[in-house]
Amino acid sequence: MGPNGAGKTTLLKCLATLLQPSDGEGTVCGFDLRKEGDAIRERVGLVTVRGYVYDDLTAEENLRFSARMSGLKLGADEYRAALARVGLERVAEQRVRTFSTGMRKRVVLAQLRIRPLELALLDEPYAGLDTQGMALVDEFVREFRDEGTTVIIASHQAGEATRAAEQTLILNDGKLSPMDHDEAARSHLSFESLGAGEG
Amino acid sequence: MELLRRAWTIVWKDLLIEARTKQAFNAMVFFAALVLFIFSFALGPDTELLQQVSGGLLWVGIAFTGILSLNRTYQSEETSGGIEGLRVYPGDPRAIFLGKLFGNIIILLAVEMVLFPAAAVLFQIQLLPHALELAGVAILGTIGFSIVGTFYAALTVNLRAREVMLPLLLFPALIPMLLGAVNATTLIVVGDPMLDSGIWIRLLVTFDVIFFVISLWIFPIALEE
């Protein structure tokens, strides 16, 4: 968790090897962050606020593109099943351009679930989702956990982000510090009210 | 093999989006036709003069038109989070270069299939007797243009003045390719009894090979932010 501009998205992009850290060293899934980007990308999935989906492709075509780019060969049934899982089977043939923010987010979640991951990075996954959508994200997080996949959620909203989490960290002024998880889970207030004002 | 498979996936995605929106193709065809019309009117009805300069006019038209396609190469990714949306996947990033390159070549060749007949009418060129030779030169020239253009488009994609920077960087690098393509096309159109076009075609092949190897090699560095 952290206020706007704290560097949550930057941190996730560094972990996904989309950005090179300006300083320091690190490993993700046992691989060097600077030298073994490809090995890391094979094991890590990233969901950004807007997600990597194309407006002029259908929901199913977006899934197909994502699977092929990840080196997977799936059948039409598997794409349909993945879309049914996020409640989009009826609009599988519709272009994403016609989707609401929440529906778009569901396509992004379906993209994330089509390949096995060791680490899932979710940037503001609850943004733009209705109650059902939020419950779906929680369910996905639990499923990941049961499968042994580590999930890192970046958010500036306390209650939602910590609902499915086991540990809560605050990122502020470039430093990560632990915070009382139960307090964060109970809270439905914004980051600022948890004692770490805007950075 | 995996590299080509991923490159083809990008081509499939780009062409599917282009087939639905027709944004690049329509703009390029109209712009190319306009350029040829302007040259045709500016030079007047002198058939001999038009044929003598037809190679140059055609390739200036192709180069100007191609810039439109190149500017869109990576901008078309903007709705999906930019080029980052392609880098998030595992595998060799050169697949992105190859995919974008093949896509540019296909779209530019499709535009040229309209451009060459239009030029034949406006400049009174006999296309059919030289169709194979002209097609060969067009393909080699288009490949060369697209290789350098796809590479420079990646370099300039994050610049604020990318629409200006791309042609400023690209055209000087294209001079050998344009020399080869213009001279080979003109010689084929006006007649080539000494078979001099072979020299220019060899220049085109050499340009394509050298720039393909260099661009493919250093593309991952160009992608780094």
# chains A, B, ... in the order shown; residues from 1 in each chain; ligands from 1
$ closest_atom_pairs --of "chain B" --to "chain A" --cutoff "7 Å" --atoms "only C-alpha atoms" --output "JSON lines"
{"residue": "B:Arg6", "atom": "CA", "partner": "A:Met69", "partner_atom": "CA", "distance": 5.6}
{"residue": "B:Thr9", "atom": "CA", "partner": "A:Phe65", "partner_atom": "CA", "distance": 6.7}
{"residue": "B:Ile17", "atom": "CA", "partner": "A:Asp56", "partner_atom": "CA", "distance": 5.8}
{"residue": "B:Thr79", "atom": "CA", "partner": "A:Tyr54", "partner_atom": "CA", "distance": 6.3}
{"residue": "B:Ser80", "atom": "CA", "partner": "A:Tyr52", "partner_atom": "CA", "distance": 4.5}
{"residue": "B:Gly81", "atom": "CA", "partner": "A:Tyr52", "partner_atom": "CA", "distance": 5.7}
{"residue": "B:Glu84", "atom": "CA", "partner": "A:Leu18", "partner_atom": "CA", "distance": 6.9}
{"residue": "B:Gly85", "atom": "CA", "partner": "A:Tyr52", "partner_atom": "CA", "distance": 5.2}
{"residue": "B:Arg87", "atom": "CA", "partner": "A:Leu18", "partner_atom": "CA", "distance": 6.9}
{"residue": "B:Val88", "atom": "CA", "partner": "A:Leu18", "partner_atom": "CA", "distance": 6.7}
{"residue": "B:Tyr89", "atom": "CA", "partner": "A:Ser70", "partner_atom": "CA", "distance": 5.8}
{"residue": "B:Pro90", "atom": "CA", "partner": "A:Arg41", "partner_atom": "CA", "distance": 4.8}
{"residue": "B:Gly91", "atom": "CA", "partner": "A:Asp38", "partner_atom": "CA", "distance": 6.0}
{"residue": "B:Glu225", "atom": "CA", "partner": "A:Leu19", "partner_atom": "CA", "distance": 6.9}
$ write_last_selection --atoms "N, CA and C atoms" --output "mmCIF file, in the first residue's frame"
data_model
loop_
_atom_site.group_PDB
_atom_site.id
_atom_site.type_symbol
_atom_site.label_atom_id
_atom_site.label_comp_id
_atom_site.auth_asym_id
_atom_site.auth_seq_id
_atom_site.Cartn_x
_atom_site.Cartn_y
_atom_site.Cartn_z
ATOM 1 N N ARG B 6 5.795 -16.145 -32.447
ATOM 2 C CA ARG B 6 5.351 -14.964 -31.709
ATOM 3 C C ARG B 6 5.291 -13.738 -32.626
ATOM 4 N N THR B 9 2.157 -13.938 -34.489
ATOM 5 C CA THR B 9 1.022 -13.576 -33.632
ATOM 6 C C THR B 9 0.822 -12.051 -33.633
ATOM 7 N N ILE B 17 -6.612 -5.881 -36.619
ATOM 8 C CA ILE B 17 -7.056 -4.549 -36.176
ATOM 9 C C ILE B 17 -7.121 -3.600 -37.371
ATOM 10 N N THR B 79 -3.529 1.945 -26.915
ATOM 11 C CA THR B 79 -4.761 1.613 -26.183
ATOM 12 C C THR B 79 -4.546 0.422 -25.252
ATOM 13 N N SER B 80 -3.481 -0.314 -25.485
ATOM 14 C CA SER B 80 -3.252 -1.502 -24.654
ATOM 15 C C SER B 80 -2.049 -1.320 -23.747
ATOM 16 N N GLY B 81 -1.726 -0.074 -23.426
ATOM 17 C CA GLY B 81 -0.626 0.152 -22.489
ATOM 18 C C GLY B 81 0.707 0.372 -23.165
ATOM 19 N N GLU B 84 4.953 -1.567 -23.919
ATOM 20 C CA GLU B 84 5.082 -2.345 -22.682
ATOM 21 C C GLU B 84 4.153 -3.575 -22.705
ATOM 22 N N GLY B 85 3.002 -3.411 -23.353
ATOM 23 C CA GLY B 85 2.039 -4.506 -23.447
ATOM 24 C C GLY B 85 2.573 -5.690 -24.229
ATOM 25 N N ARG B 87 6.071 -6.180 -24.286
ATOM 26 C CA ARG B 87 7.283 -6.577 -23.555
ATOM 27 C C ARG B 87 6.966 -7.405 -22.321
ATOM 28 N N VAL B 88 5.717 -7.384 -21.893
ATOM 29 C CA VAL B 88 5.350 -8.097 -20.668
ATOM 30 C C VAL B 88 5.386 -9.631 -20.858
ATOM 31 N N TYR B 89 5.369 -10.054 -22.113
ATOM 32 C CA TYR B 89 5.361 -11.497 -22.380
ATOM 33 C C TYR B 89 6.782 -12.051 -22.396
ATOM 34 N N PRO B 90 6.914 -13.353 -22.036
ATOM 35 C CA PRO B 90 8.253 -13.950 -22.064
ATOM 36 C C PRO B 90 8.714 -14.164 -23.506
ATOM 37 N N GLY B 91 9.994 -14.418 -23.677
ATOM 38 C CA GLY B 91 10.530 -14.699 -25.009
ATOM 39 C C GLY B 91 11.393 -13.565 -25.522
ATOM 40 N N GLU B 225 14.006 1.161 -21.676
ATOM 41 C CA GLU B 225 13.588 2.534 -21.356
ATOM 42 C C GLU B 225 14.651 3.232 -20.539
#
$ select_by_dssp --residues "segment 28-192 of chain A" --states "helix (DSSP H, G or I)" --output "ChimeraX atom specification"
/A:37-43,59-69,76-85,89-91,96-98,101-113,131-147,158-163,181-186,191-192
$ residues_around --residues "Met1 of chain A" --least-positions-apart "2" --cutoff "8 Å" --atoms "only C-alpha atoms" --output "list of chain:residue names"
A:Pro3, A:Lys8, A:Ala154, A:Ser155, A:His156, A:Gln157, A:Ala158, A:Thr168, A:Leu169, A:Ile170, A:Leu171, A:Phe191
$ write_last_selection --atoms "C-alpha atoms" --output "short mmCIF file (atom, residue, chain, number, x, y, z; two decimals), in the first residue's frame"
data_model
loop_
_atom_site.label_atom_id
_atom_site.label_comp_id
_atom_site.auth_asym_id
_atom_site.auth_seq_id
_atom_site.Cartn_x
_atom_site.Cartn_y
_atom_site.Cartn_z
CA PRO A 3 -0.17 7.02 -1.45
CA LYS A 8 3.83 1.18 -6.26
CA ALA A 154 -0.60 -2.63 -5.05
CA SER A 155 -3.34 -0.31 -3.86
CA HIS A 156 -3.98 2.95 -2.09
CA GLN A 157 -7.26 1.65 -0.60
CA ALA A 158 -6.80 -0.25 2.65
CA THR A 168 0.52 -5.72 4.39
CA LEU A 169 3.44 -3.43 3.59
CA ILE A 170 3.53 0.33 3.21
CA LEU A 171 5.62 1.93 0.48
CA PHE A 191 -4.23 5.12 2.82
#
$ decode --residues "segment 76-120 of chain A" --atoms "N, CA and C atoms" --output "PDB file, in the first residue's frame"
ATOM      1  N   ALA A  76     -10.284 -23.618 -28.703  1.00  0.00           N
ATOM      2  CA  ALA A  76     -11.378 -22.634 -28.595  1.00  0.00           C
ATOM      3  C   ALA A  76     -12.173 -22.844 -27.304  1.00  0.00           C
ATOM      4  N   ASP A  77     -12.353 -24.109 -26.902  1.00  0.00           N
ATOM      5  CA  ASP A  77     -13.116 -24.409 -25.677  1.00  0.00           C
ATOM      6  C   ASP A  77     -12.447 -23.819 -24.444  1.00  0.00           C
ATOM      7  N   GLU A  78     -11.110 -23.879 -24.457  1.00  0.00           N
ATOM      8  CA  GLU A  78     -10.377 -23.376 -23.291  1.00  0.00           C
ATOM      9  C   GLU A  78     -10.507 -21.852 -23.168  1.00  0.00           C
ATOM     10  N   TYR A  79     -10.531 -21.174 -24.325  1.00  0.00           N
ATOM     11  CA  TYR A  79     -10.723 -19.712 -24.281  1.00  0.00           C
ATOM     12  C   TYR A  79     -12.115 -19.390 -23.749  1.00  0.00           C
ATOM     13  N   ARG A  80     -13.092 -20.146 -24.251  1.00  0.00           N
ATOM     14  CA  ARG A  80     -14.475 -19.923 -23.807  1.00  0.00           C
ATOM     15  C   ARG A  80     -14.610 -20.169 -22.304  1.00  0.00           C
ATOM     16  N   ALA A  81     -13.955 -21.237 -21.844  1.00  0.00           N
ATOM     17  CA  ALA A  81     -14.027 -21.568 -20.414  1.00  0.00           C
ATOM     18  C   ALA A  81     -13.401 -20.454 -19.570  1.00  0.00           C
ATOM     19  N   ALA A  82     -12.281 -19.924 -20.068  1.00  0.00           N
ATOM     20  CA  ALA A  82     -11.604 -18.844 -19.332  1.00  0.00           C
ATOM     21  C   ALA A  82     -12.489 -17.599 -19.262  1.00  0.00           C
ATOM     22  N   LEU A  83     -13.215 -17.325 -20.347  1.00  0.00           N
ATOM     23  CA  LEU A  83     -14.104 -16.160 -20.348  1.00  0.00           C
ATOM     24  C   LEU A  83     -15.342 -16.413 -19.495  1.00  0.00           C
ATOM     25  N   ALA A  84     -15.826 -17.662 -19.512  1.00  0.00           N
ATOM     26  CA  ALA A  84     -16.980 -18.011 -18.671  1.00  0.00           C
ATOM     27  C   ALA A  84     -16.621 -17.843 -17.201  1.00  0.00           C
ATOM     28  N   ARG A  85     -15.367 -18.163 -16.905  1.00  0.00           N
ATOM     29  CA  ARG A  85     -14.881 -18.056 -15.517  1.00  0.00           C
ATOM     30  C   ARG A  85     -14.995 -16.625 -14.973  1.00  0.00           C
ATOM     31  N   VAL A  86     -14.858 -15.631 -15.870  1.00  0.00           N
ATOM     32  CA  VAL A  86     -14.961 -14.231 -15.425  1.00  0.00           C
ATOM     33  C   VAL A  86     -16.307 -13.617 -15.831  1.00  0.00           C
ATOM     34  N   GLY A  87     -17.229 -14.475 -16.262  1.00  0.00           N
ATOM     35  CA  GLY A  87     -18.581 -14.011 -16.570  1.00  0.00           C
ATOM     36  C   GLY A  87     -18.721 -13.262 -17.884  1.00  0.00           C
ATOM     37  N   LEU A  88     -17.854 -13.576 -18.849  1.00  0.00           N
ATOM     38  CA  LEU A  88     -17.908 -12.851 -20.127  1.00  0.00           C
ATOM     39  C   LEU A  88     -18.222 -13.764 -21.318  1.00  0.00           C
ATOM     40  N   GLU A  89     -18.761 -14.974 -21.053  1.00  0.00           N
ATOM     41  CA  GLU A  89     -18.977 -15.909 -22.164  1.00  0.00           C
ATOM     42  C   GLU A  89     -19.955 -15.370 -23.203  1.00  0.00           C
ATOM     43  N   ARG A  90     -20.908 -14.558 -22.763  1.00  0.00           N
ATOM     44  CA  ARG A  90     -21.917 -14.033 -23.702  1.00  0.00           C
ATOM     45  C   ARG A  90     -21.364 -12.956 -24.633  1.00  0.00           C
ATOM     46  N   VAL A  91     -20.293 -12.317 -24.201  1.00  0.00           N
ATOM     47  CA  VAL A  91     -19.738 -11.223 -25.018  1.00  0.00           C
ATOM     48  C   VAL A  91     -18.356 -11.583 -25.568  1.00  0.00           C
ATOM     49  N   ALA A  92     -18.098 -12.891 -25.649  1.00  0.00           N
ATOM     50  CA  ALA A  92     -16.783 -13.353 -26.107  1.00  0.00           C
ATOM     51  C   ALA A  92     -16.455 -12.837 -27.506  1.00  0.00           C
ATOM     52  N   GLU A  93     -17.477 -12.674 -28.346  1.00  0.00           N
ATOM     53  CA  GLU A  93     -17.257 -12.262 -29.739  1.00  0.00           C
ATOM     54  C   GLU A  93     -17.365 -10.748 -29.920  1.00  0.00           C
ATOM     55  N   GLN A  94     -17.572 -10.030 -28.829  1.00  0.00           N
ATOM     56  CA  GLN A  94     -17.706  -8.571 -28.954  1.00  0.00           C
ATOM     57  C   GLN A  94     -16.358  -7.874 -28.764  1.00  0.00           C
ATOM     58  N   ARG A  95     -16.202  -6.772 -29.478  1.00  0.00           N
ATOM     59  CA  ARG A  95     -14.949  -6.023 -29.341  1.00  0.00           C
ATOM     60  C   ARG A  95     -14.864  -5.383 -27.956  1.00  0.00           C
ATOM     61  N   VAL A  96     -13.663  -5.363 -27.411  1.00  0.00           N
ATOM     62  CA  VAL A  96     -13.447  -4.806 -26.077  1.00  0.00           C
ATOM     63  C   VAL A  96     -13.805  -3.317 -26.034  1.00  0.00           C
ATOM     64  N   ARG A  97     -13.746  -2.655 -27.199  1.00  0.00           N
ATOM     65  CA  ARG A  97     -14.112  -1.224 -27.295  1.00  0.00           C
ATOM     66  C   ARG A  97     -15.494  -0.945 -26.708  1.00  0.00           C
ATOM     67  N   THR A  98     -16.398  -1.957 -26.816  1.00  0.00           N
ATOM     68  CA  THR A  98     -17.771  -1.757 -26.354  1.00  0.00           C
ATOM     69  C   THR A  98     -17.942  -2.094 -24.867  1.00  0.00           C
ATOM     70  N   PHE A  99     -16.864  -2.535 -24.217  1.00  0.00           N
ATOM     71  CA  PHE A  99     -16.954  -2.995 -22.816  1.00  0.00           C
ATOM     72  C   PHE A  99     -16.862  -1.830 -21.829  1.00  0.00           C
ATOM     73  N   SER A 100     -17.462  -2.036 -20.669  1.00  0.00           N
ATOM     74  CA  SER A 100     -17.292  -1.078 -19.570  1.00  0.00           C
ATOM     75  C   SER A 100     -15.923  -1.328 -18.922  1.00  0.00           C
ATOM     76  N   THR A 101     -15.511  -0.427 -18.035  1.00  0.00           N
ATOM     77  CA  THR A 101     -14.217  -0.578 -17.349  1.00  0.00           C
ATOM     78  C   THR A 101     -14.146  -1.905 -16.602  1.00  0.00           C
ATOM     79  N   GLY A 102     -15.238  -2.253 -15.944  1.00  0.00           N
ATOM     80  CA  GLY A 102     -15.274  -3.500 -15.174  1.00  0.00           C
ATOM     81  C   GLY A 102     -15.137  -4.728 -16.065  1.00  0.00           C
ATOM     82  N   MET A 103     -15.841  -4.704 -17.206  1.00  0.00           N
ATOM     83  CA  MET A 103     -15.761  -5.847 -18.137  1.00  0.00           C
ATOM     84  C   MET A 103     -14.356  -5.974 -18.713  1.00  0.00           C
ATOM     85  N   ARG A 104     -13.768  -4.826 -18.986  1.00  0.00           N
ATOM     86  CA  ARG A 104     -12.398  -4.812 -19.516  1.00  0.00           C
ATOM     87  C   ARG A 104     -11.443  -5.457 -18.499  1.00  0.00           C
ATOM     88  N   LYS A 105     -11.662  -5.105 -17.242  1.00  0.00           N
ATOM     89  CA  LYS A 105     -10.835  -5.653 -16.169  1.00  0.00           C
ATOM     90  C   LYS A 105     -10.981  -7.168 -16.086  1.00  0.00           C
ATOM     91  N   ARG A 106     -12.190  -7.649 -16.351  1.00  0.00           N
ATOM     92  CA  ARG A 106     -12.423  -9.096 -16.312  1.00  0.00           C
ATOM     93  C   ARG A 106     -11.646  -9.810 -17.428  1.00  0.00           C
ATOM     94  N   VAL A 107     -11.547  -9.156 -18.594  1.00  0.00           N
ATOM     95  CA  VAL A 107     -10.740  -9.743 -19.679  1.00  0.00           C
ATOM     96  C   VAL A 107      -9.286  -9.849 -19.220  1.00  0.00           C
ATOM     97  N   VAL A 108      -8.824  -8.798 -18.541  1.00  0.00           N
ATOM     98  CA  VAL A 108      -7.440  -8.779 -18.046  1.00  0.00           C
ATOM     99  C   VAL A 108      -7.218  -9.922 -17.043  1.00  0.00           C
ATOM    100  N   LEU A 109      -8.197 -10.129 -16.171  1.00  0.00           N
ATOM    101  CA  LEU A 109      -8.088 -11.218 -15.184  1.00  0.00           C
ATOM    102  C   LEU A 109      -8.065 -12.572 -15.882  1.00  0.00           C
ATOM    103  N   ALA A 110      -8.888 -12.716 -16.921  1.00  0.00           N
ATOM    104  CA  ALA A 110      -8.904 -13.975 -17.678  1.00  0.00           C
ATOM    105  C   ALA A 110      -7.555 -14.215 -18.342  1.00  0.00           C
ATOM    106  N   GLN A 111      -6.939 -13.136 -18.842  1.00  0.00           N
ATOM    107  CA  GLN A 111      -5.607 -13.253 -19.456  1.00  0.00           C
ATOM    108  C   GLN A 111      -4.597 -13.776 -18.442  1.00  0.00           C
ATOM    109  N   LEU A 112      -4.733 -13.285 -17.218  1.00  0.00           N
ATOM    110  CA  LEU A 112      -3.779 -13.647 -16.168  1.00  0.00           C
ATOM    111  C   LEU A 112      -3.889 -15.121 -15.787  1.00  0.00           C
ATOM    112  N   ARG A 113      -5.120 -15.662 -15.908  1.00  0.00           N
ATOM    113  CA  ARG A 113      -5.355 -17.032 -15.421  1.00  0.00           C
ATOM    114  C   ARG A 113      -5.077 -18.114 -16.455  1.00  0.00           C
ATOM    115  N   ILE A 114      -4.780 -17.718 -17.697  1.00  0.00           N
ATOM    116  CA  ILE A 114      -4.628 -18.769 -18.707  1.00  0.00           C
ATOM    117  C   ILE A 114      -3.256 -19.432 -18.678  1.00  0.00           C
ATOM    118  N   ARG A 115      -2.324 -18.859 -17.948  1.00  0.00           N
ATOM    119  CA  ARG A 115      -1.024 -19.530 -17.870  1.00  0.00           C
ATOM    120  C   ARG A 115      -0.591 -19.690 -16.414  1.00  0.00           C
ATOM    121  N   PRO A 116       0.151 -20.766 -16.114  1.00  0.00           N
ATOM    122  CA  PRO A 116       0.606 -20.969 -14.736  1.00  0.00           C
ATOM    123  C   PRO A 116       1.634 -19.919 -14.342  1.00  0.00           C
ATOM    124  N   LEU A 117       1.491 -19.389 -13.113  1.00  0.00           N
ATOM    125  CA  LEU A 117       2.392 -18.327 -12.656  1.00  0.00           C
ATOM    126  C   LEU A 117       2.985 -18.675 -11.300  1.00  0.00           C
ATOM    127  N   GLU A 118       4.170 -18.157 -11.037  1.00  0.00           N
ATOM    128  CA  GLU A 118       4.752 -18.272  -9.699  1.00  0.00           C
ATOM    129  C   GLU A 118       4.495 -16.991  -8.905  1.00  0.00           C
ATOM    130  N   LEU A 119       4.334 -15.886  -9.653  1.00  0.00           N
ATOM    131  CA  LEU A 119       4.108 -14.593  -9.006  1.00  0.00           C
ATOM    132  C   LEU A 119       3.125 -13.770  -9.849  1.00  0.00           C
ATOM    133  N   ALA A 120       2.040 -13.338  -9.208  1.00  0.00           N
ATOM    134  CA  ALA A 120       1.068 -12.482  -9.898  1.00  0.00           C
ATOM    135  C   ALA A 120       1.126 -11.085  -9.290  1.00  0.00           C
TER     136      ALA A 120
END
